[in-house]
Structures are given as structure tokens and as C-alpha cells.
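Visitor: data_10.txt (compact mmCIF, C-alpha atoms) pasted underneath:
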```
# COMPACT_ATOMS: atom_id res chain seq x y z
CA MET A 1 25.66 -32.84 18.21
CA ALA A 2 25.14 -33.39 14.51
CA THR A 3 21.68 -34.28 13.31
CA LYS A 4 21.34 -38.00 12.71
CA GLY A 5 17.62 -38.08 11.94
CA LYS A 6 15.90 -37.36 8.66
CA GLN A 7 18.37 -36.96 5.83
CA PRO A 8 17.61 -34.75 2.81
CA SER A 9 16.26 -36.49 -0.27
CA ILE A 10 18.87 -36.18 -3.00
CA ASP A 11 18.42 -37.28 -6.59
CA GLN A 12 21.70 -39.16 -6.65
CA THR A 13 24.12 -40.39 -4.04
CA SER A 14 27.83 -39.71 -4.31
CA SER A 15 28.50 -43.12 -5.86
CA GLU A 16 25.61 -42.78 -8.30
CA ARG A 17 26.88 -39.42 -9.47
CA GLY A 18 30.02 -41.16 -10.60
CA THR A 19 28.16 -43.61 -12.84
CA GLN A 20 25.06 -41.77 -14.01
CA GLN A 21 24.80 -38.80 -16.31
CA ARG A 22 23.87 -35.70 -14.28
CA PRO A 23 20.99 -33.63 -15.55
CA THR A 24 21.56 -29.93 -16.08
CA PRO A 25 19.77 -27.47 -13.78
CA THR A 26 17.33 -26.59 -16.56
CA GLY A 27 16.74 -30.30 -17.02
CA GLY A 28 15.12 -30.79 -13.65
CA LEU A 29 17.47 -29.93 -10.77
CA LEU A 30 16.37 -26.30 -10.48
CA VAL A 31 12.70 -26.25 -9.57
CA ASP A 32 10.29 -23.33 -9.42
CA GLN A 33 7.51 -22.49 -7.01
CA ASP A 34 4.85 -24.38 -8.96
CA SER A 35 6.87 -27.53 -9.55
CA ASP A 36 5.53 -30.86 -8.27
CA VAL A 37 9.10 -31.83 -7.43
CA GLU A 38 10.02 -31.12 -3.81
CA PRO A 39 13.51 -29.57 -3.66
CA ALA A 40 16.06 -31.12 -1.33
CA LEU A 41 17.95 -27.82 -1.08
CA SER A 42 16.76 -24.24 -0.71
CA VAL A 43 19.37 -21.59 -1.54
CA VAL A 44 18.36 -18.28 0.04
CA MET A 45 19.84 -14.90 -0.83
CA PRO A 46 18.66 -11.54 0.58
CA THR A 47 18.95 -8.78 -2.01
CA LEU A 48 18.93 -5.01 -1.93
CA ASN A 49 19.71 -3.60 -5.37
CA GLU A 50 22.05 -6.38 -6.50
CA GLU A 51 21.38 -6.29 -10.25
CA GLU A 52 25.10 -6.23 -10.98
CA GLY A 53 25.80 -9.52 -9.23
CA ILE A 54 22.58 -11.54 -9.03
CA ALA A 55 22.90 -13.22 -12.43
CA GLU A 56 26.46 -14.40 -11.76
CA CYS A 57 25.46 -15.77 -8.35
CA ILE A 58 22.58 -17.76 -9.82
CA LYS A 59 24.85 -19.17 -12.55
CA ARG A 60 27.31 -20.31 -9.89
CA ILE A 61 24.50 -21.92 -7.89
CA GLN A 62 23.41 -23.79 -11.02
CA ASN A 63 26.95 -25.06 -11.54
CA GLY A 64 27.22 -26.10 -7.91
CA ILE A 65 23.97 -28.04 -7.77
CA GLU A 66 24.72 -29.70 -11.10
CA GLU A 67 28.01 -30.98 -9.68
CA PHE A 68 26.33 -32.25 -6.52
CA GLY A 69 23.21 -33.54 -8.26
CA ILE A 70 20.57 -32.16 -5.89
CA THR A 71 17.12 -30.75 -6.64
CA THR A 72 17.16 -27.11 -5.63
CA GLU A 73 15.02 -24.02 -5.35
CA ILE A 74 16.60 -20.55 -5.29
CA ILE A 75 14.73 -18.06 -3.12
CA ILE A 76 15.53 -14.37 -3.48
CA SER A 77 14.29 -12.37 -0.48
CA ASP A 78 14.16 -9.03 -2.19
CA SER A 79 13.79 -5.39 -1.14
CA SER A 80 15.27 -3.85 -4.28
CA THR A 81 14.26 -0.85 -6.35
CA ASP A 82 16.37 -1.89 -9.35
CA ARG A 83 16.07 -4.87 -11.77
CA THR A 84 17.29 -7.49 -9.29
CA PRO A 85 13.93 -9.35 -8.96
CA GLU A 86 13.29 -9.35 -12.72
CA ILE A 87 16.72 -10.82 -13.45
CA ALA A 88 16.27 -13.44 -10.75
CA ARG A 89 12.88 -14.55 -12.05
CA GLU A 90 14.17 -14.75 -15.61
CA MET A 91 16.86 -17.18 -14.40
CA GLY A 92 14.42 -19.48 -12.60
CA ALA A 93 14.59 -18.13 -9.04
CA ILE A 94 11.63 -17.66 -6.71
CA VAL A 95 11.32 -14.04 -5.55
CA VAL A 96 9.64 -13.16 -2.26
CA GLU A 97 9.24 -9.68 -0.82
CA PRO A 98 9.60 -9.38 2.99
CA ASP A 99 6.91 -7.25 4.63
CA ALA A 100 9.41 -5.61 6.98
CA PRO A 101 12.96 -4.29 6.58
CA GLY A 102 16.20 -5.83 7.83
CA TYR A 103 18.89 -8.31 6.79
CA GLY A 104 17.90 -10.86 9.42
CA TYR A 105 14.20 -10.48 8.75
CA ALA A 106 14.76 -11.07 5.03
CA TYR A 107 16.35 -14.43 5.84
CA ARG A 108 13.72 -15.45 8.38
CA TYR A 109 10.93 -14.50 5.98
CA ALA A 110 12.45 -16.69 3.26
CA PHE A 111 13.15 -19.61 5.61
CA GLU A 112 9.44 -19.81 6.42
CA ARG A 113 8.83 -20.44 2.72
CA ALA A 114 11.77 -22.78 2.08
CA ARG A 115 10.80 -26.35 1.16
CA GLY A 116 14.19 -28.06 1.18
CA ASP A 117 15.50 -30.27 3.98
CA LEU A 118 18.74 -28.37 3.50
CA ILE A 119 19.22 -24.60 3.43
CA ALA A 120 22.17 -22.71 1.96
CA ILE A 121 22.61 -18.98 2.41
CA GLY A 122 24.93 -16.36 1.00
CA ASP A 123 25.06 -12.81 -0.31
CA ALA A 124 24.10 -11.96 -3.89
CA ASP A 125 27.07 -9.67 -4.56
CA THR A 126 29.47 -12.34 -6.01
CA THR A 127 31.71 -12.28 -2.91
CA TYR A 128 30.90 -15.95 -2.23
CA ASP A 129 31.49 -18.52 -4.92
CA PHE A 130 28.40 -20.74 -4.91
CA GLU A 131 30.25 -23.30 -7.02
CA ASP A 132 31.72 -24.32 -3.64
CA LEU A 133 28.28 -25.49 -2.52
CA PRO A 134 29.12 -29.22 -2.82
CA ARG A 135 31.97 -28.84 -0.32
CA LEU A 136 29.65 -27.23 2.24
CA LEU A 137 26.74 -29.58 1.55
CA ASP A 138 28.62 -32.84 1.96
CA PRO A 139 29.22 -32.81 5.78
CA VAL A 140 25.57 -31.92 6.47
CA VAL A 141 24.25 -34.58 4.08
CA ARG A 142 26.50 -37.19 5.70
CA GLY A 143 25.27 -36.21 9.17
CA ASP A 144 28.72 -35.06 10.30
CA ALA A 145 27.57 -31.49 11.00
CA ASP A 146 24.43 -29.52 11.70
CA MET A 147 25.90 -26.44 10.07
CA VAL A 148 28.84 -25.87 7.72
CA MET A 149 30.36 -22.43 7.24
CA GLY A 150 32.71 -21.18 4.58
CA SER A 151 35.73 -19.70 6.34
CA ARG A 152 37.24 -16.71 4.57
CA LEU A 153 39.95 -16.22 7.16
CA GLU A 154 41.11 -19.84 6.80
CA GLY A 155 40.83 -19.66 3.02
CA GLU A 156 41.77 -16.92 0.55
CA ILE A 157 40.65 -13.30 0.51
CA LYS A 158 41.13 -11.72 -2.90
CA PRO A 159 42.73 -8.24 -3.06
CA GLY A 160 40.10 -5.58 -2.45
CA ALA A 161 37.47 -8.09 -1.30
CA MET A 162 37.62 -7.17 2.39
CA PRO A 163 38.86 -3.98 4.09
CA LYS A 164 42.05 -4.52 6.07
CA LEU A 165 40.28 -3.27 9.19
CA HIS A 166 37.76 -6.10 8.86
CA GLN A 167 40.28 -8.75 7.84
CA TYR A 168 42.88 -8.22 10.58
CA ILE A 169 40.94 -6.58 13.43
CA GLY A 170 37.14 -6.55 13.12
CA ASN A 171 36.31 -10.12 12.08
CA PRO A 172 39.04 -11.88 14.14
CA LEU A 173 38.14 -9.86 17.25
CA LEU A 174 34.40 -10.43 16.94
CA THR A 175 35.04 -14.12 16.32
CA LYS A 176 37.17 -14.36 19.48
CA PHE A 177 34.38 -12.71 21.49
CA LEU A 178 31.79 -15.10 20.12
CA ASN A 179 33.95 -18.18 20.71
CA ALA A 180 34.76 -17.11 24.28
CA PHE A 181 31.15 -16.33 25.19
CA TYR A 182 29.33 -19.10 23.35
CA GLY A 183 31.88 -21.85 22.66
CA ALA A 184 31.24 -21.86 18.91
CA GLY A 185 34.83 -22.82 18.03
CA VAL A 186 34.86 -21.18 14.59
CA SER A 187 37.51 -19.18 12.75
CA ASP A 188 35.22 -16.80 10.84
CA ALA A 189 32.00 -16.19 12.74
CA HIS A 190 30.68 -13.61 10.32
CA SER A 191 31.00 -15.51 7.09
CA GLY A 192 27.62 -15.36 5.37
CA PHE A 193 28.13 -18.52 3.30
CA ARG A 194 26.51 -21.34 5.26
CA VAL A 195 24.67 -24.64 4.83
CA PHE A 196 22.50 -26.21 7.52
CA SER A 197 19.59 -28.58 7.86
CA GLN A 198 16.00 -27.53 8.37
CA GLU A 199 16.06 -29.50 11.60
CA ALA A 200 19.01 -27.44 12.84
CA TRP A 201 17.27 -24.18 11.89
CA GLU A 202 14.15 -25.23 13.79
CA THR A 203 16.34 -25.85 16.85
CA LEU A 204 17.63 -22.29 16.77
CA GLU A 205 15.50 -19.53 18.26
CA CYS A 206 16.59 -16.58 16.15
CA THR A 207 14.57 -13.39 16.53
CA THR A 208 16.75 -10.52 15.32
CA THR A 209 15.98 -8.56 12.17
CA GLY A 210 19.26 -6.72 11.48
CA MET A 211 22.87 -7.54 10.67
CA GLU A 212 23.36 -9.17 14.08
CA PHE A 213 21.37 -12.13 12.72
CA ALA A 214 24.67 -13.56 11.45
CA SER A 215 26.02 -13.60 15.00
CA GLU A 216 22.76 -14.81 16.51
CA MET A 217 22.75 -17.97 14.42
CA ILE A 218 26.21 -18.97 15.65
CA MET A 219 25.45 -17.93 19.23
CA GLU A 220 22.33 -20.08 19.25
CA ALA A 221 24.13 -23.00 17.62
CA GLY A 222 26.98 -22.79 20.15
CA ALA A 223 24.64 -22.48 23.14
CA LYS A 224 22.58 -25.46 21.93
CA ASP A 225 25.67 -27.63 21.25
CA LEU A 226 25.04 -28.04 17.54
CA THR A 227 27.97 -29.32 15.51
CA ILE A 228 29.55 -26.62 13.36
CA LYS A 229 32.20 -27.39 10.77
CA GLU A 230 34.12 -25.02 8.52
CA VAL A 231 35.38 -25.26 4.95
CA PRO A 232 38.04 -22.83 3.64
CA ILE A 233 36.67 -20.71 0.81
CA THR A 234 37.80 -17.92 -1.48
CA TYR A 235 36.29 -14.52 -0.85
CA HIS A 236 35.92 -12.34 -3.95
CA GLU A 237 35.51 -8.64 -4.55
CA ARG A 238 31.88 -7.62 -4.60
CA GLU A 239 29.83 -6.30 -7.49
CA GLY A 240 27.81 -3.17 -6.74
CA GLU A 241 27.88 -0.80 -3.78
CA ALA A 242 28.49 -2.09 -0.25
CA THR A 243 25.67 -1.64 2.28
CA LEU A 244 27.68 -2.56 5.39
CA GLU A 245 28.63 0.23 7.81
CA SER A 246 31.73 -1.01 9.63
CA PHE A 247 31.53 0.65 13.02
CA ARG A 248 27.75 0.78 13.38
CA ASP A 249 27.20 -2.83 12.33
CA GLY A 250 30.26 -4.03 14.26
CA TRP A 251 28.97 -2.38 17.43
CA ARG A 252 25.55 -3.99 16.90
CA HIS A 253 27.22 -7.41 16.85
CA VAL A 254 29.25 -6.68 20.01
CA ARG A 255 26.25 -5.24 21.84
CA PHE A 256 24.09 -8.21 20.93
CA MET A 257 26.74 -10.70 22.07
CA LEU A 258 27.16 -8.94 25.42
CA GLU A 259 23.44 -8.52 26.04
CA ASN A 260 22.93 -12.25 25.57
CA ALA A 261 25.83 -13.32 27.81
CA PRO A 262 25.15 -11.60 31.17
CA GLY A 263 27.60 -13.96 32.85
CA TYR A 264 30.43 -12.30 30.95
CA LEU A 265 28.90 -8.82 30.94
CA PHE A 266 28.07 -8.68 34.66
CA SER A 267 29.27 -11.73 36.63
CA VAL A 268 32.92 -11.73 35.57
CA PRO A 269 33.47 -8.00 36.36
CA ALA A 270 31.51 -8.49 39.59
CA VAL A 271 33.80 -11.28 40.80
CA ALA A 272 36.89 -9.27 39.87
CA MET A 273 35.64 -6.12 41.63
CA PHE A 274 34.60 -8.10 44.72
CA ALA A 275 38.06 -9.66 44.98
CA VAL A 276 39.69 -6.23 44.75
CA GLY A 277 37.27 -4.74 47.27
CA LEU A 278 37.70 -7.56 49.78
CA LEU A 279 41.48 -7.47 49.46
CA THR A 280 41.76 -3.71 49.94
CA MET A 281 39.35 -3.70 52.89
CA THR A 282 41.29 -6.55 54.53
CA LEU A 283 44.63 -4.78 54.03
CA SER A 284 43.25 -1.55 55.43
CA ILE A 285 41.56 -2.96 58.53
CA SER A 286 44.43 -5.33 59.39
CA GLY A 287 47.11 -2.66 59.18
CA VAL A 288 49.43 -4.99 57.25
CA SER A 289 52.31 -3.32 55.41
CA VAL A 290 53.17 -4.36 51.85
CA SER A 291 56.62 -3.31 50.62
CA GLY A 292 56.70 -0.69 53.34
CA VAL A 293 53.29 0.72 52.43
CA THR A 294 50.55 0.77 55.07
CA PHE A 295 46.99 1.00 53.78
CA GLY A 296 44.77 3.48 55.55
CA SER A 297 41.27 4.93 55.52
CA TYR A 298 41.33 5.97 51.86
CA THR A 299 42.07 2.39 50.86
CA MET A 300 39.16 1.31 53.03
CA ILE A 301 36.84 3.73 51.23
CA ALA A 302 37.95 2.38 47.86
CA GLY A 303 37.48 -1.20 49.05
CA SER A 304 33.99 -0.44 50.30
CA LEU A 305 33.03 1.15 46.97
CA PHE A 306 34.42 -1.79 45.00
CA THR A 307 32.49 -4.25 47.20
CA ILE A 308 29.19 -2.40 46.84
CA ALA A 309 29.65 -1.97 43.08
CA SER A 310 30.48 -5.66 42.65
CA TYR A 311 27.28 -6.61 44.48
CA GLN A 312 25.27 -4.40 42.17
CA LEU A 313 26.87 -5.92 39.06
CA GLY A 314 26.26 -9.46 40.31
CA SER A 315 22.63 -8.59 40.95
CA LEU A 316 22.27 -7.28 37.39
CA SER A 317 23.45 -10.67 36.14
CA LEU A 318 20.65 -12.36 38.09
CA PHE A 319 18.03 -9.88 36.94
CA SER A 320 18.97 -10.17 33.27
CA ALA A 321 19.10 -13.97 33.40
CA VAL A 322 15.54 -14.05 34.77
CA ALA A 323 13.94 -11.15 32.89
CA ALA A 324 15.59 -11.33 29.46
CA ASP A 325 16.03 -15.09 28.92
CA PRO A 326 19.45 -14.62 27.26
CA ILE A 327 20.95 -17.10 24.82
CA GLN A 328 23.82 -17.89 27.19
CA LYS A 329 22.65 -17.87 30.80
CA PRO A 330 25.22 -17.19 33.58
CA GLN A 331 26.85 -20.46 34.61
CA ASP A 332 28.83 -19.44 37.70
CA PRO A 333 27.96 -21.50 40.83
CA PHE A 334 26.43 -18.59 42.78
CA THR A 335 24.08 -17.44 40.02
CA THR A 336 23.12 -21.00 39.15
CA TRP A 337 22.29 -21.75 42.78
CA VAL A 338 20.21 -18.60 43.20
CA LEU A 339 18.29 -19.21 39.97
CA ASN A 340 17.46 -22.76 41.05
CA ASN A 341 16.78 -22.18 44.74
CA PHE A 342 15.84 -18.54 45.27
CA LYS A 343 12.91 -17.64 47.49
CA LEU A 344 11.94 -14.12 48.45
CA GLU A 345 11.94 -14.99 52.14
CA HIS A 346 15.53 -16.27 52.02
CA GLY A 347 16.82 -13.10 50.36
CA ALA A 348 14.84 -10.81 52.64
CA MET A 349 16.06 -12.61 55.77
CA LEU A 350 19.67 -12.43 54.57
CA GLY A 351 19.25 -8.72 53.90
CA VAL A 352 17.69 -8.07 57.29
CA GLY A 353 20.48 -10.02 58.99
CA THR A 354 23.23 -8.13 57.15
CA PHE A 355 21.56 -4.79 57.80
CA GLY A 356 21.03 -5.71 61.45
CA ALA A 357 24.69 -6.62 61.93
CA GLY A 358 25.76 -3.34 60.40
CA MET A 359 23.27 -1.44 62.56
CA LEU A 360 24.46 -3.12 65.76
CA TYR A 361 28.08 -2.35 64.88
CA THR A 362 27.24 1.26 64.08
CA GLY A 363 25.14 1.57 67.26
CA TYR A 364 28.03 0.31 69.36
CA PHE A 365 30.36 2.98 67.96
CA ALA A 366 27.69 5.64 68.40
CA TYR A 367 27.12 4.61 72.03
CA ASN A 368 30.83 4.81 72.87
CA TRP A 369 31.01 8.18 71.16
CA VAL A 370 28.11 9.55 73.25
CA ILE A 371 29.28 8.26 76.64
CA SER A 372 32.77 9.66 75.99
CA GLY A 373 31.27 13.11 75.76
CA PHE A 374 31.57 13.07 71.99
CA THR A 375 35.33 12.86 72.20
CA GLN A 376 36.06 9.20 71.34
CA LEU A 377 35.65 9.07 67.56
CA PRO A 378 35.20 5.64 66.01
CA VAL A 379 37.95 4.20 63.83
CA ILE A 380 37.13 5.08 60.23
CA ALA A 381 38.11 1.69 58.81
CA THR A 382 35.90 -0.37 61.10
CA ASN A 383 33.10 2.15 60.79
CA LEU A 384 33.21 1.73 57.02
CA VAL A 385 32.78 -2.03 57.43
CA ALA A 386 29.55 -1.37 59.29
CA PHE A 387 28.36 1.14 56.72
CA THR A 388 29.12 -1.29 53.92
CA ALA A 389 27.04 -3.96 55.67
CA LEU A 390 24.17 -1.47 56.00
CA VAL A 391 24.20 -0.73 52.28
CA LEU A 392 24.49 -4.39 51.26
CA GLY A 393 21.68 -5.34 53.62
CA ILE A 394 19.30 -2.73 52.21
CA GLN A 395 20.19 -3.75 48.66
CA THR A 396 19.61 -7.43 49.43
CA ILE A 397 16.14 -6.80 50.86
CA PHE A 398 14.88 -4.76 47.93
CA TYR A 399 16.75 -6.75 45.27
CA SER A 400 15.03 -9.87 46.60
CA PHE A 401 11.63 -8.29 46.14
CA PHE A 402 12.54 -7.10 42.66
CA LEU A 403 13.86 -10.53 41.65
CA SER A 404 10.68 -12.12 42.92
CA ILE A 405 8.55 -9.65 40.93
CA ILE A 406 10.29 -10.25 37.60
CA ALA A 407 10.36 -14.02 38.19
CA SER A 408 6.60 -14.00 38.79
CA ASN A 409 5.96 -11.95 35.67
CA LYS A 410 7.95 -14.48 33.58
CA GLU A 411 5.64 -17.26 34.74
```
With the file now loaded, output its structure as C-alpha cells.
Guide:
Amino acid sequence: MATKGKQPSIDQTSSERGTQQRPTPTGGLLVDQDSDVEPALSVVMPTLNEEEGIAECIKRIQNGIEEFGITTEIIISDSSTDRTPEIAREMGAIVVEPDAPGYGYAYRYAFERARGDLIAIGDADTTYDFEDLPRLLDPVVRGDADMVMGSRLEGEIKPGAMPKLHQYIGNPLLTKFLNAFYGAGVSDAHSGFRVFSQEAWETLECTTTGMEFASEMIMEAGAKDLTIKEVPITYHEREGEATLESFRDGWRHVRFMLENAPGYLFSVPAVAMFAVGLLTMTLSISGVSVSGVTFGSYTMIAGSLFTIASYQLGSLSLFSAVAADPIQKPQDPFTTWVLNNFKLEHGAMLGVGTFGAGMLYTGYFAYNWVISGFTQLPVIATNLVAFTALVLGIQTIFYSFFLSIIASNKE
């Protein structure tokens, strides 16, 4: 839901901008660290040796804030060894130096020092045109969105600006993952050009320090039902050398999304494997023929393995939801019920009952085998049902203790 509370203080409203002469950035809109004027907007850019593009980015920011008429501070979160910080200071930007490495940490470090009620972010390599700032600012200022993102995939990507692998496979695929897992509903989840309110940022609980920070922001926003809107933008070719490593950074995004959505990582495969296991065990033990094929003991073995594996995966979903406090907790009915109602005694009793049933069944077969003079062998299929119950019972007993331990440690 879009923020409807405190609105950013802006020098001029939209109607006033049409009738009053706008001051230039050097005439008061761009404020420095020592200014008595509180900025309404903080534009944050992380930099790592961006001397080729930093000046152009700051000029575009100046043009954008002049058009919108909003007091602004520009914060450069810098880890450069070239002239990037000197150029930025000369053009009126505030330069801070993070005390730890990482793309995400650079942003978080700067956000702690940002004074504006609005925050805009983007890279300092000229790929994003900051003259588009008014279009991204407007929905947040009006209270129609908590966050506005510039969509490259819905806009225009200049030749050479984005590798084809990223444009047609990497970014669309990662965006589909993020939308499916977290309900973000965006077209370009990894666009770095964004505007959001301070109130929205304080709602998010971002902790990452690397490139996955871009995904984490959207994951948190989606999980917390913040309103995200998109504006088509033009994506330009960068100035300077690229620091992104496609496969390594792409995998970090995928890994982070999966680790924070155990319902999709564990529960969905668990349900699918359990359905396969139950079906194959039923077909084997019933002796039903399908298209002339009768399922025998080997099918029963496969079904038993699928059933046991599915139980293990489902348990991992519970453990991760309790121990890791993921962004998107599992929402299937079984996991939700267990998380809300679990008691060690209930799990242990269920495990003992399941193990006991399997033991009784196995004992019955063993007894008949002994009194027959070790000649009447039990039916493999039914014996496997008993063995499966034994394994599931033991797992349930000890999983219950483990779940109770990690739940107690979280308290």
C-alpha cells in the first residue's frame, strides 16, 4: 500500500512550477552538507572508479531537479582510487566513504546519512538518464507509490548498453523468478534507477552487502505489500569499465531469492515428490495395470524413496522458516499450521505412533516367516510400506526435537 503519511517538503508544487521562475541548482536547489536548508530529495550513487561518467551524471541530476523544483543533496558513496570523489565534490556533491566493501553496503551506508524524505538511486556510469528523475519522483510525491522503478525492458535499450544475454535471458528470467516468489509484479526487477520514500526504506529490512541488494529491496517490498510502480526509461551505454560479472552475480541473485523463499525451494518440490511417491506405492501394492503395465516391487522401492525424500524436503522448509526468518515464509496450509501450533509432544507422539505401526507390521511378517520354518517370505511391496513407516516415524521423532531446539533458540 502506498505511503499516505508524511509527504516530502518540496519548494514548489506542480502548479506553482508553472507560474514561478525556477531557481537553478546553483541558486539554491542543490544543497551541500553544511547547508541550513534541509533537502527534500537525496540522490545516492555508489561509485568505484567512475571518473569518466560521474560529471555527466551530476549534470543530469541538476537538470532533473531544476525541472522538478526540489531541494536536493547528491551523496556519492565512494570506494574509488581515481579522481571520482574530487570531481564529485567540485560539482557540489557530498562524498562519503563506506567503511566496508560491497555494492549493497555502499547504499546502506549512504542511506543512513541521507536527509531527504525522498531517496533516488542510480549508477554513476551514465547508463541511467537522471534527467528522467521528475517522472519517477511524481508518483511517490503524490502518494500513489512507495517505490518507482525505471523499467529498461519496457523502455528503450540503446545499442551496446546491455549484453544480449542479459536483455533477453538473464534479466527477464530473474524478474520472473522474483515475481513468482515474492509477488512484486515488475517488468525489470534489476533496474538500478529507483525513487522511494524514507518511510518505505525504513519499512524494508535489507541486510545484504553485495549485488543481491538490488533484488533484496524488491523482495522486501513485495513481501511487505508496498506499492511499486514502473516508468519506462532509456538505458544508455556506460562510460568506463563494467564491474558486473554476469554468471557470478546472476547466481548470487538466484541463490538469495531461493534461500529467502523456502516454500518454493523446499515445500513445492516436497509436495510434488510426495504425490509421485504415494501414486507409485499405491499402484504397486494394488496390482492395478495401466495400459497393460503392472507395477511391481521396483516401483514400490521408487515410491518409498520418493515418499521419504519428500518428507525430508518438507521438514527443511519448516526448519528454514523457523531458524532463518526468511523474507517470504512458506504459506502452504501444512507448514502454516505447524508453525502456529507445533509442540514437541505432538510431533514425538506422532513419530512414535508411526514407528509403532511400522514395527507391528514388520513384526507380523517376521512372526509368520519364523513359524513357517523360514519358508514363507513376506511380500516385498507390503514389507516396504512397513519399512517406510519405520523411517518416517524415526524422522518425525528426532525432527520434532530439532524443531523445538531451533524454535527455543530463536526466542
Visitor: Work out where the centre of an axis-aligned box around every listed atom of segment 309-323 of chain A lies and how long its edges are once 3 Å is added on each side; give both in Å to one decimal as AutoDock Vina command-line options.
Guide:
```
--center_x 22.2 --center_y -8.0 --center_z 38.7 --size_x 22.5 --size_y 18.1 --size_z 17.6
```
Visitor: In Å, rounded to a single decimal, give me how far atom CA of Asn340 of chain A is from atom CA of Arg255 of chain A.
Guide: 27.4 Å
Visitor: Calculated over only C-alpha atoms, which of the candidates A:Leu360, A:Pro172, A:Leu278, A:Lys329 has the smallest distance to Met219 of chain A?
Guide: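 Checking each of A:Leu360, A:Pro172, A:Leu278, A:Lys329 against Met219 of chain A, counting only C-alpha atoms, the winner is A:Lys329.
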Visitor: Could you check how far atom CA of Gly250 of chain A sits from atom CA of Leu178 of chain A, in Å to one decimal?
Guide: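 If I compute the distance from atom CA of Gly250 of chain A to atom CA of Leu178 of chain A, I get 12.6 Å.
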Visitor: Between atom CA of Ser42 of chain A and atom CA of Ser77 of chain A, what is the distance in Å, rounded to a tenth?
Guide: 12.1 Å
Visitor: Mind checking which residues fall within 10 Å of Ala110 of chain A, counting all atoms listed in the file, ignoring those fewer than 4 positions away in the same chain, and posting them as a list in words?
Guide: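 Near Ala110 of chain A, the qualifying residues are Ser42, Val43, Val44, Met45, Pro46, Ile75, Ile76, Ser77, Asp78, Val95, Val96, Glu97, Pro98, Tyr105, Ala106 and Ala114 of chain A.
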Visitor: Restricting the calculation to all atoms listed in the file, which member of A:Gly143, A:Gly192, A:Pro262, A:Gly393 is positioned closest to Gly358 of chain A?
Guide: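 Of A:Gly143, A:Gly192, A:Pro262, A:Gly393, the one nearest Gly358 of chain A, counting all atoms listed in the file, is A:Gly393.
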Visitor: Could you check the closest approach to Val338 of chain A for each of A:Gly314, A:Gly353, A:Gly160, A:Gly64 and tell me which residue wins, using only C-alpha atoms?
Guide: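 Nearest to Val338 of chain A: A:Gly314.
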Visitor: Near segment 125-136 of chain A, counting all atoms listed in the file, which residues have an atom at most 10 Å away, once you skip same-chain residues fewer than 4 positions from it, shown as a PyMOL selection string?
Guide: chain A and resi 43+45+47-70+120-121+140-141+145+147-150+152+157-158+161-162+191-196+229-242
Visitor: Take the residues that were just selected and, keeping C-alpha atoms, output them as a short mmCIF file (atom, residue, chain, number, x, y, z; two decimals), in the frame of the given file.
Guide:
```
data_model
loop_
_atom_site.label_atom_id
_atom_site.label_comp_id
_atom_site.auth_asym_id
_atom_site.auth_seq_id
_atom_site.Cartn_x
_atom_site.Cartn_y
_atom_site.Cartn_z
CA VAL A 43 19.37 -21.59 -1.54
CA MET A 45 19.84 -14.90 -0.83
CA THR A 47 18.95 -8.78 -2.01
CA LEU A 48 18.93 -5.01 -1.93
CA ASN A 49 19.71 -3.60 -5.37
CA GLU A 50 22.05 -6.38 -6.50
CA GLU A 51 21.38 -6.29 -10.25
CA GLU A 52 25.10 -6.23 -10.98
CA GLY A 53 25.80 -9.52 -9.23
CA ILE A 54 22.58 -11.54 -9.03
CA ALA A 55 22.90 -13.22 -12.43
CA GLU A 56 26.46 -14.40 -11.76
CA CYS A 57 25.46 -15.77 -8.35
CA ILE A 58 22.58 -17.76 -9.82
CA LYS A 59 24.85 -19.17 -12.55
CA ARG A 60 27.31 -20.31 -9.89
CA ILE A 61 24.50 -21.92 -7.89
CA GLN A 62 23.41 -23.79 -11.02
CA ASN A 63 26.95 -25.06 -11.54
CA GLY A 64 27.22 -26.10 -7.91
CA ILE A 65 23.97 -28.04 -7.77
CA GLU A 66 24.72 -29.70 -11.10
CA GLU A 67 28.01 -30.98 -9.68
CA PHE A 68 26.33 -32.25 -6.52
CA GLY A 69 23.21 -33.54 -8.26
CA ILE A 70 20.57 -32.16 -5.89
CA ALA A 120 22.17 -22.71 1.96
CA ILE A 121 22.61 -18.98 2.41
CA VAL A 140 25.57 -31.92 6.47
CA VAL A 141 24.25 -34.58 4.08
CA ALA A 145 27.57 -31.49 11.00
CA MET A 147 25.90 -26.44 10.07
CA VAL A 148 28.84 -25.87 7.72
CA MET A 149 30.36 -22.43 7.24
CA GLY A 150 32.71 -21.18 4.58
CA ARG A 152 37.24 -16.71 4.57
CA ILE A 157 40.65 -13.30 0.51
CA LYS A 158 41.13 -11.72 -2.90
CA ALA A 161 37.47 -8.09 -1.30
CA MET A 162 37.62 -7.17 2.39
CA SER A 191 31.00 -15.51 7.09
CA GLY A 192 27.62 -15.36 5.37
CA PHE A 193 28.13 -18.52 3.30
CA ARG A 194 26.51 -21.34 5.26
CA VAL A 195 24.67 -24.64 4.83
CA PHE A 196 22.50 -26.21 7.52
CA LYS A 229 32.20 -27.39 10.77
CA GLU A 230 34.12 -25.02 8.52
CA VAL A 231 35.38 -25.26 4.95
CA PRO A 232 38.04 -22.83 3.64
CA ILE A 233 36.67 -20.71 0.81
CA THR A 234 37.80 -17.92 -1.48
CA TYR A 235 36.29 -14.52 -0.85
CA HIS A 236 35.92 -12.34 -3.95
CA GLU A 237 35.51 -8.64 -4.55
CA ARG A 238 31.88 -7.62 -4.60
CA GLU A 239 29.83 -6.30 -7.49
CA GLY A 240 27.81 -3.17 -6.74
CA GLU A 241 27.88 -0.80 -3.78
CA ALA A 242 28.49 -2.09 -0.25
#
```
Visitor: Excluding Val322 of chain A and any residue of its chain fewer than 3 positions from it, enumerate the residues within 12 Å of it, using only C-alpha atoms, and give them as a list of chain:residue names.
Guide: A:Asn260, A:Pro262, A:Ser315, A:Leu316, A:Ser317, A:Leu318, A:Phe319, A:Asp325, A:Pro326, A:Ile327, A:Gln328, A:Lys329, A:Pro330, A:Thr335, A:Thr336, A:Val338, A:Leu339, A:Asn340, A:Phe342, A:Phe402, A:Leu403, A:Ser404, A:Ile405, A:Ile406, A:Ala407, A:Ser408, A:Asn409, A:Lys410, A:Glu411
Visitor: Calculated over only C-alpha atoms, which of the candidates A:Phe398, A:Ala124, A:Ala272, A:Thr81 has the smallest distance to Met349 of chain A?
Guide: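 Checking each candidate against Met349 of chain A, we get A:Phe398 as the closest.
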Visitor: Between A:Arg115, A:Asp146, A:His253, A:Asn383, which one has atoms that come closest to Asn171 of chain A, using only C-alpha atoms?
Guide: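 Answer, going by the shortest atom-to-atom distance: A:His253.
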